[in-house]
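Printed here is coords17.pdb (PDB, C-alpha atoms, pLDDT in the B column):
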ATOM      1  CA  MET L 149      32.362 -20.893  -6.735  1.00 56.00           C
ATOM      2  CA  TYR L 150      28.999 -22.440  -5.768  1.00 52.00           C
ATOM      3  CA  GLU L 151      29.614 -21.475  -2.135  1.00 61.00           C
ATOM      4  CA  ARG L 152      29.982 -17.861  -3.166  1.00 54.00           C
ATOM      5  CA  ILE L 153      26.734 -17.968  -5.171  1.00 52.00           C
ATOM      6  CA  ASN L 154      24.896 -19.670  -2.300  1.00 53.00           C
ATOM      7  CA  LYS L 155      26.000 -16.860   0.029  1.00 50.00           C
ATOM      8  CA  LEU L 156      24.791 -14.189  -2.378  1.00 45.00           C
ATOM      9  CA  ILE L 157      21.313 -15.658  -2.970  1.00 51.00           C
ATOM     10  CA  PRO L 158      19.906 -14.727   0.491  1.00 51.00           C
ATOM     11  CA  ILE L 159      21.310 -11.206   0.159  1.00 50.00           C
ATOM     12  CA  PHE L 160      19.671 -10.848  -3.252  1.00 48.00           C
ATOM     13  CA  PHE L 161      16.262 -11.877  -1.881  1.00 45.00           C
ATOM     14  CA  VAL L 162      16.527  -9.464   1.063  1.00 42.00           C
ATOM     15  CA  LEU L 163      17.341  -6.601  -1.318  1.00 40.00           C
ATOM     16  CA  LEU L 164      14.477  -7.616  -3.577  1.00 40.00           C
ATOM     17  CA  LEU L 165      11.984  -7.650  -0.694  1.00 40.00           C
ATOM     18  CA  VAL L 166      13.170  -4.316   0.670  1.00 39.00           C
ATOM     19  CA  GLY L 167      13.008  -2.729  -2.774  1.00 42.00           C
ATOM     20  CA  CYS L 168       9.494  -4.017  -3.448  1.00 49.00           C
ATOM     21  CA  ASN L 169       8.189  -2.763  -0.117  1.00 49.00           C
ATOM     22  CA  ARG L 170       8.249   0.914  -1.142  1.00 61.00           C
ATOM     23  CA  ILE L 171       4.871   2.512  -1.755  1.00 71.00           C
ATOM     24  CA  GLU L 172       4.331   5.267  -4.288  1.00 78.00           C
ATOM     25  CA  GLN L 173       3.816   8.670  -2.728  1.00 82.00           C
ATOM     26  CA  PRO L 174       1.184  11.297  -3.601  1.00 80.00           C
ATOM     27  CA  LEU L 175       1.566  13.514  -6.657  1.00 77.00           C
ATOM     28  CA  ILE L 176       0.535  16.508  -4.519  1.00 81.00           C
ATOM     29  CA  PRO L 177       1.412  15.703  -0.884  1.00 91.00           C
ATOM     30  CA  GLN L 178       0.607  19.097   0.684  1.00 91.00           C
ATOM     31  CA  SER L 179      -2.861  20.632   0.981  1.00 92.00           C
ATOM     32  CA  PRO L 180      -3.449  23.960  -0.838  1.00 91.00           C
ATOM     33  CA  ASN L 181      -3.248  26.046   2.331  1.00 90.00           C
ATOM     34  CA  GLY L 182      -0.273  24.089   3.688  1.00 91.00           C
ATOM     35  CA  THR L 183      -2.112  22.790   6.756  1.00 93.00           C
ATOM     36  CA  PHE L 184      -1.924  19.079   5.923  1.00 95.00           C
ATOM     37  CA  VAL L 185       0.537  16.650   4.364  1.00 95.00           C
ATOM     38  CA  VAL L 186      -0.443  13.150   3.286  1.00 95.00           C
ATOM     39  CA  GLU L 187       1.806  10.106   3.228  1.00 95.00           C
ATOM     40  CA  ALA L 188       0.930   6.759   1.668  1.00 95.00           C
ATOM     41  CA  THR L 189       1.671   3.500   3.493  1.00 95.00           C
ATOM     42  CA  THR L 190       0.450  -0.049   3.175  1.00 95.00           C
ATOM     43  CA  LYS L 191      -1.113  -2.694   5.378  1.00 94.00           C
ATOM     44  CA  ASP L 192      -1.964  -6.177   4.122  1.00 95.00           C
ATOM     45  CA  GLY L 193      -1.636  -5.005   0.513  1.00 95.00           C
ATOM     46  CA  LEU L 194      -4.090  -2.123   0.954  1.00 96.00           C
ATOM     47  CA  LEU L 195      -3.369   1.581   0.634  1.00 96.00           C
ATOM     48  CA  ILE L 196      -3.400   3.524   3.906  1.00 97.00           C
ATOM     49  CA  LEU L 197      -3.211   7.324   4.009  1.00 96.00           C
ATOM     50  CA  ASN L 198      -1.649   9.076   6.983  1.00 97.00           C
ATOM     51  CA  VAL L 199      -2.528  12.767   7.250  1.00 96.00           C
ATOM     52  CA  PHE L 200      -0.186  14.999   9.220  1.00 96.00           C
ATOM     53  CA  SER L 201      -0.621  18.518  10.539  1.00 95.00           C
ATOM     54  CA  LYS L 202       2.464  20.285  11.892  1.00 92.00           C
ATOM     55  CA  ASN L 203       4.408  16.987  11.690  1.00 92.00           C
ATOM     56  CA  LYS L 204       1.843  15.261  13.931  1.00 97.00           C
ATOM     57  CA  LEU L 205      -0.306  12.371  12.690  1.00 97.00           C
ATOM     58  CA  THR L 206      -3.910  13.566  12.851  1.00 96.00           C
ATOM     59  CA  HIS L 207      -5.859  11.090  10.693  1.00 97.00           C
ATOM     60  CA  THR L 208      -5.435   7.614   9.225  1.00 97.00           C
ATOM     61  CA  ILE L 209      -7.581   6.687   6.231  1.00 97.00           C
ATOM     62  CA  GLU L 210      -8.039   3.059   5.204  1.00 96.00           C
ATOM     63  CA  THR L 211      -8.824   3.374   1.504  1.00 96.00           C
ATOM     64  CA  LYS L 212      -9.510  -0.305   0.673  1.00 95.00           C
ATOM     65  CA  ALA L 213      -7.558   0.285  -2.567  1.00 96.00           C
ATOM     66  CA  SER L 214      -5.012  -2.342  -3.522  1.00 96.00           C
ATOM     67  CA  ILE L 215      -1.402  -1.200  -3.758  1.00 94.00           C
ATOM     68  CA  TYR L 216      -0.979  -3.662  -6.609  1.00 94.00           C
ATOM     69  CA  GLN L 217      -3.254  -1.573  -8.832  1.00 94.00           C
ATOM     70  CA  LYS L 218      -2.417   1.798 -10.341  1.00 94.00           C
ATOM     71  CA  PHE L 219      -3.442   4.779  -8.251  1.00 94.00           C
ATOM     72  CA  ALA L 220      -2.940   8.532  -8.154  1.00 95.00           C
ATOM     73  CA  LEU L 221      -3.329  10.612  -5.025  1.00 95.00           C
ATOM     74  CA  GLY L 222      -3.236  14.323  -4.313  1.00 94.00           C
ATOM     75  CA  TRP L 223      -4.971  17.334  -2.870  1.00 94.00           C
ATOM     76  CA  HIS L 224      -7.568  19.220  -4.880  1.00 92.00           C
ATOM     77  CA  ASN L 225      -6.033  22.409  -6.264  1.00 83.00           C
ATOM     78  CA  LYS L 226      -8.657  24.729  -4.749  1.00 84.00           C
ATOM     79  CA  GLU L 227     -10.303  22.846  -1.890  1.00 85.00           C
ATOM     80  CA  GLN L 228      -9.079  21.048   1.235  1.00 90.00           C
ATOM     81  CA  VAL L 229     -10.050  17.723  -0.322  1.00 94.00           C
ATOM     82  CA  LEU L 230      -7.801  14.689  -0.630  1.00 96.00           C
ATOM     83  CA  ILE L 231      -8.537  12.799  -3.861  1.00 96.00           C
ATOM     84  CA  LEU L 232      -7.635   9.242  -4.827  1.00 96.00           C
ATOM     85  CA  TYR L 233      -8.071   7.619  -8.219  1.00 96.00           C
ATOM     86  CA  SER L 234      -7.504   3.881  -8.030  1.00 96.00           C
ATOM     87  CA  SER L 235      -7.954   1.482 -10.916  1.00 95.00           C
ATOM     88  CA  ASP L 236      -9.679  -1.009  -8.616  1.00 95.00           C
ATOM     89  CA  ILE L 237     -12.033   1.157  -6.518  1.00 96.00           C
ATOM     90  CA  GLY L 238     -12.392   4.289  -8.657  1.00 95.00           C
ATOM     91  CA  VAL L 239     -12.521   7.845  -7.318  1.00 97.00           C
ATOM     92  CA  ARG L 240     -12.595   8.509  -3.571  1.00 97.00           C
ATOM     93  CA  ALA L 241     -12.408  11.834  -1.742  1.00 97.00           C
ATOM     94  CA  TRP L 242     -12.009  12.984   1.868  1.00 96.00           C
ATOM     95  CA  THR L 243     -12.602  16.550   3.055  1.00 94.00           C
ATOM     96  CA  SER L 244     -10.560  18.039   5.862  1.00 92.00           C
ATOM     97  CA  THR L 245     -13.496  20.152   7.055  1.00 90.00           C
ATOM     98  CA  ASN L 246     -15.500  17.055   8.036  1.00 90.00           C
ATOM     99  CA  GLY L 247     -12.690  15.183   9.771  1.00 93.00           C
ATOM    100  CA  PHE L 248     -11.618  13.285   6.621  1.00 94.00           C
ATOM    101  CA  LYS L 249     -14.800  11.267   6.434  1.00 94.00           C
ATOM    102  CA  PRO L 250     -15.414   9.908   2.924  1.00 94.00           C
ATOM    103  CA  GLU L 251     -17.254  12.162   0.494  1.00 93.00           C
ATOM    104  CA  LEU L 252     -20.434  10.489  -0.688  1.00 90.00           C
ATOM    105  CA  ASN L 253     -20.671  12.399  -3.978  1.00 90.00           C
ATOM    106  CA  THR L 254     -17.285  11.987  -5.643  1.00 93.00           C
ATOM    107  CA  ARG L 255     -18.585  12.743  -9.144  1.00 94.00           C
ATOM    108  CA  LYS L 256     -17.562  16.404  -8.862  1.00 92.00           C
ATOM    109  CA  TYR L 257     -13.954  15.295  -8.261  1.00 94.00           C
ATOM    110  CA  THR L 258     -13.737  12.839 -11.173  1.00 95.00           C
ATOM    111  CA  ALA L 259     -12.153  15.303 -13.623  1.00 94.00           C
ATOM    112  CA  TYR L 260      -9.473  16.261 -11.108  1.00 94.00           C
ATOM    113  CA  ALA L 261      -8.858  12.598 -10.219  1.00 95.00           C
ATOM    114  CA  ASN L 262      -8.361  11.861 -13.914  1.00 94.00           C
ATOM    115  CA  TRP L 263      -5.913  14.786 -14.115  1.00 94.00           C
ATOM    116  CA  LEU L 264      -3.902  13.303 -11.243  1.00 93.00           C
ATOM    117  CA  TYR L 265      -3.837   9.919 -12.983  1.00 93.00           C
ATOM    118  CA  GLN L 266      -2.823  11.399 -16.340  1.00 93.00           C
ATOM    119  CA  ASN L 267      -0.025  13.427 -14.781  1.00 92.00           C
ATOM    120  CA  LYS L 268       1.294  10.401 -12.945  1.00 91.00           C
ATOM    121  CA  TYR L 269       1.082   7.804 -15.693  1.00 89.00           C
ATOM    122  CA  GLY L 270       0.945   9.981 -18.808  1.00 88.00           C
ATOM    123  CA  LYS L 271      -2.277   8.437 -20.076  1.00 74.00           C
ATOM    124  CA  SER L 272      -6.014   8.449 -19.511  1.00 67.00           C
ATOM    125  CA  SER L 273      -7.585   6.167 -16.935  1.00 60.00           C
TER     126      SER L 273
END
Here is the file; what I need is its structure written in the form of structure tokens.
Amino acid sequence: MYERINKLIPIFFVLLLVGCNRIEQPLIPQSPNGTFVVEATTKDGLLILNVFSKNKLTHTIETKASIYQKFALGWHNKEQVLILYSSDIGVRAWTSTNGFKPELNTRKYTAYANWLYQNKYGKSS
């Protein structure tokens, strides 16, 4: 009986590690005009955003947000702006028209970032 349990323990840990390696995906993955799609990945515990156009990777954004904190990600409903609300770094935004460089004034996107968070977690940030 103990042999059987000892054989199952490594399998259990492999399944646990594989299951914990999944990263939450954006609430709104496609840009409003359909040009871009964003996919969330991770590197060293930090959130990385891969932006695709016509199934080709065009931009990689290193957000510096921890994947171990709550975050909500999506495209703005009217603009070509990718918005992230993270409980550790706050609101961040990247505009497609400037090559996905970070927006310096993210205050105008705070309400939408909060909407993303509320729709994902069902509560205020």
(Q) When you look at Thr183 of chain L with a cut-off of 10 Å (counting only C-alpha atoms), what residues show up, excluding the ones that are within fewer than 5 positions of it in the same chain? I need them as a PyMOL selection string. (A) chain L and resi 178+200-202+228+244
Q.
Just to confirm, what's the straight-line distance from atom CA of Lys212 of chain L to atom CA of Asn198 of chain L in Å (one decimal)?
A. 13.8 Å
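Matched in the shown structure by the PyMOL selection byres ((chain L and resi 190) around 12): Cys168, Asn169, Arg170, Ile171, Glu172, Gln173, Glu187, Ala188, Thr189, Lys191, Asp192, Gly193, Leu194, Leu195, Ile196, Leu197, Asn198, Thr208, Ile209, Glu210, Thr211, Lys212, Ala213, Ser214, Ile215 and Tyr216 of chain L.
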Since I can't run it myself right now, could you work out what the PyMOL selection byres ((chain L and resi 177) around 7) selects here and report it as a PDB file with C-alpha atoms, keeping the file's coordinate frame?
ATOM      1  CA  PRO L 174       1.184  11.297  -3.601  1.00 80.00           C
ATOM      2  CA  LEU L 175       1.566  13.514  -6.657  1.00 77.00           C
ATOM      3  CA  ILE L 176       0.535  16.508  -4.519  1.00 81.00           C
ATOM      4  CA  GLN L 178       0.607  19.097   0.684  1.00 91.00           C
ATOM      5  CA  SER L 179      -2.861  20.632   0.981  1.00 92.00           C
ATOM      6  CA  VAL L 185       0.537  16.650   4.364  1.00 95.00           C
ATOM      7  CA  VAL L 186      -0.443  13.150   3.286  1.00 95.00           C
ATOM      8  CA  GLU L 187       1.806  10.106   3.228  1.00 95.00           C
ATOM      9  CA  GLY L 222      -3.236  14.323  -4.313  1.00 94.00           C
ATOM     10  CA  TRP L 223      -4.971  17.334  -2.870  1.00 94.00           C
TER      11      TRP L 223
END
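The result of the PyMOL selection byres ((chain L and resi 224) around 10) on the shown file is Ile176, Gln178, Ser179, Pro180, Leu221, Gly222, Trp223, Asn225, Lys226, Glu227, Gln228, Val229, Leu230, Ile231, Leu232, Ala241, Thr243, Tyr257, Tyr260, Ala261 and Leu264 of chain L.
When atom CA of Tyr233 of chain L is paired with atom CA of Lys268 of chain L, their separation reads 10.9 Å.
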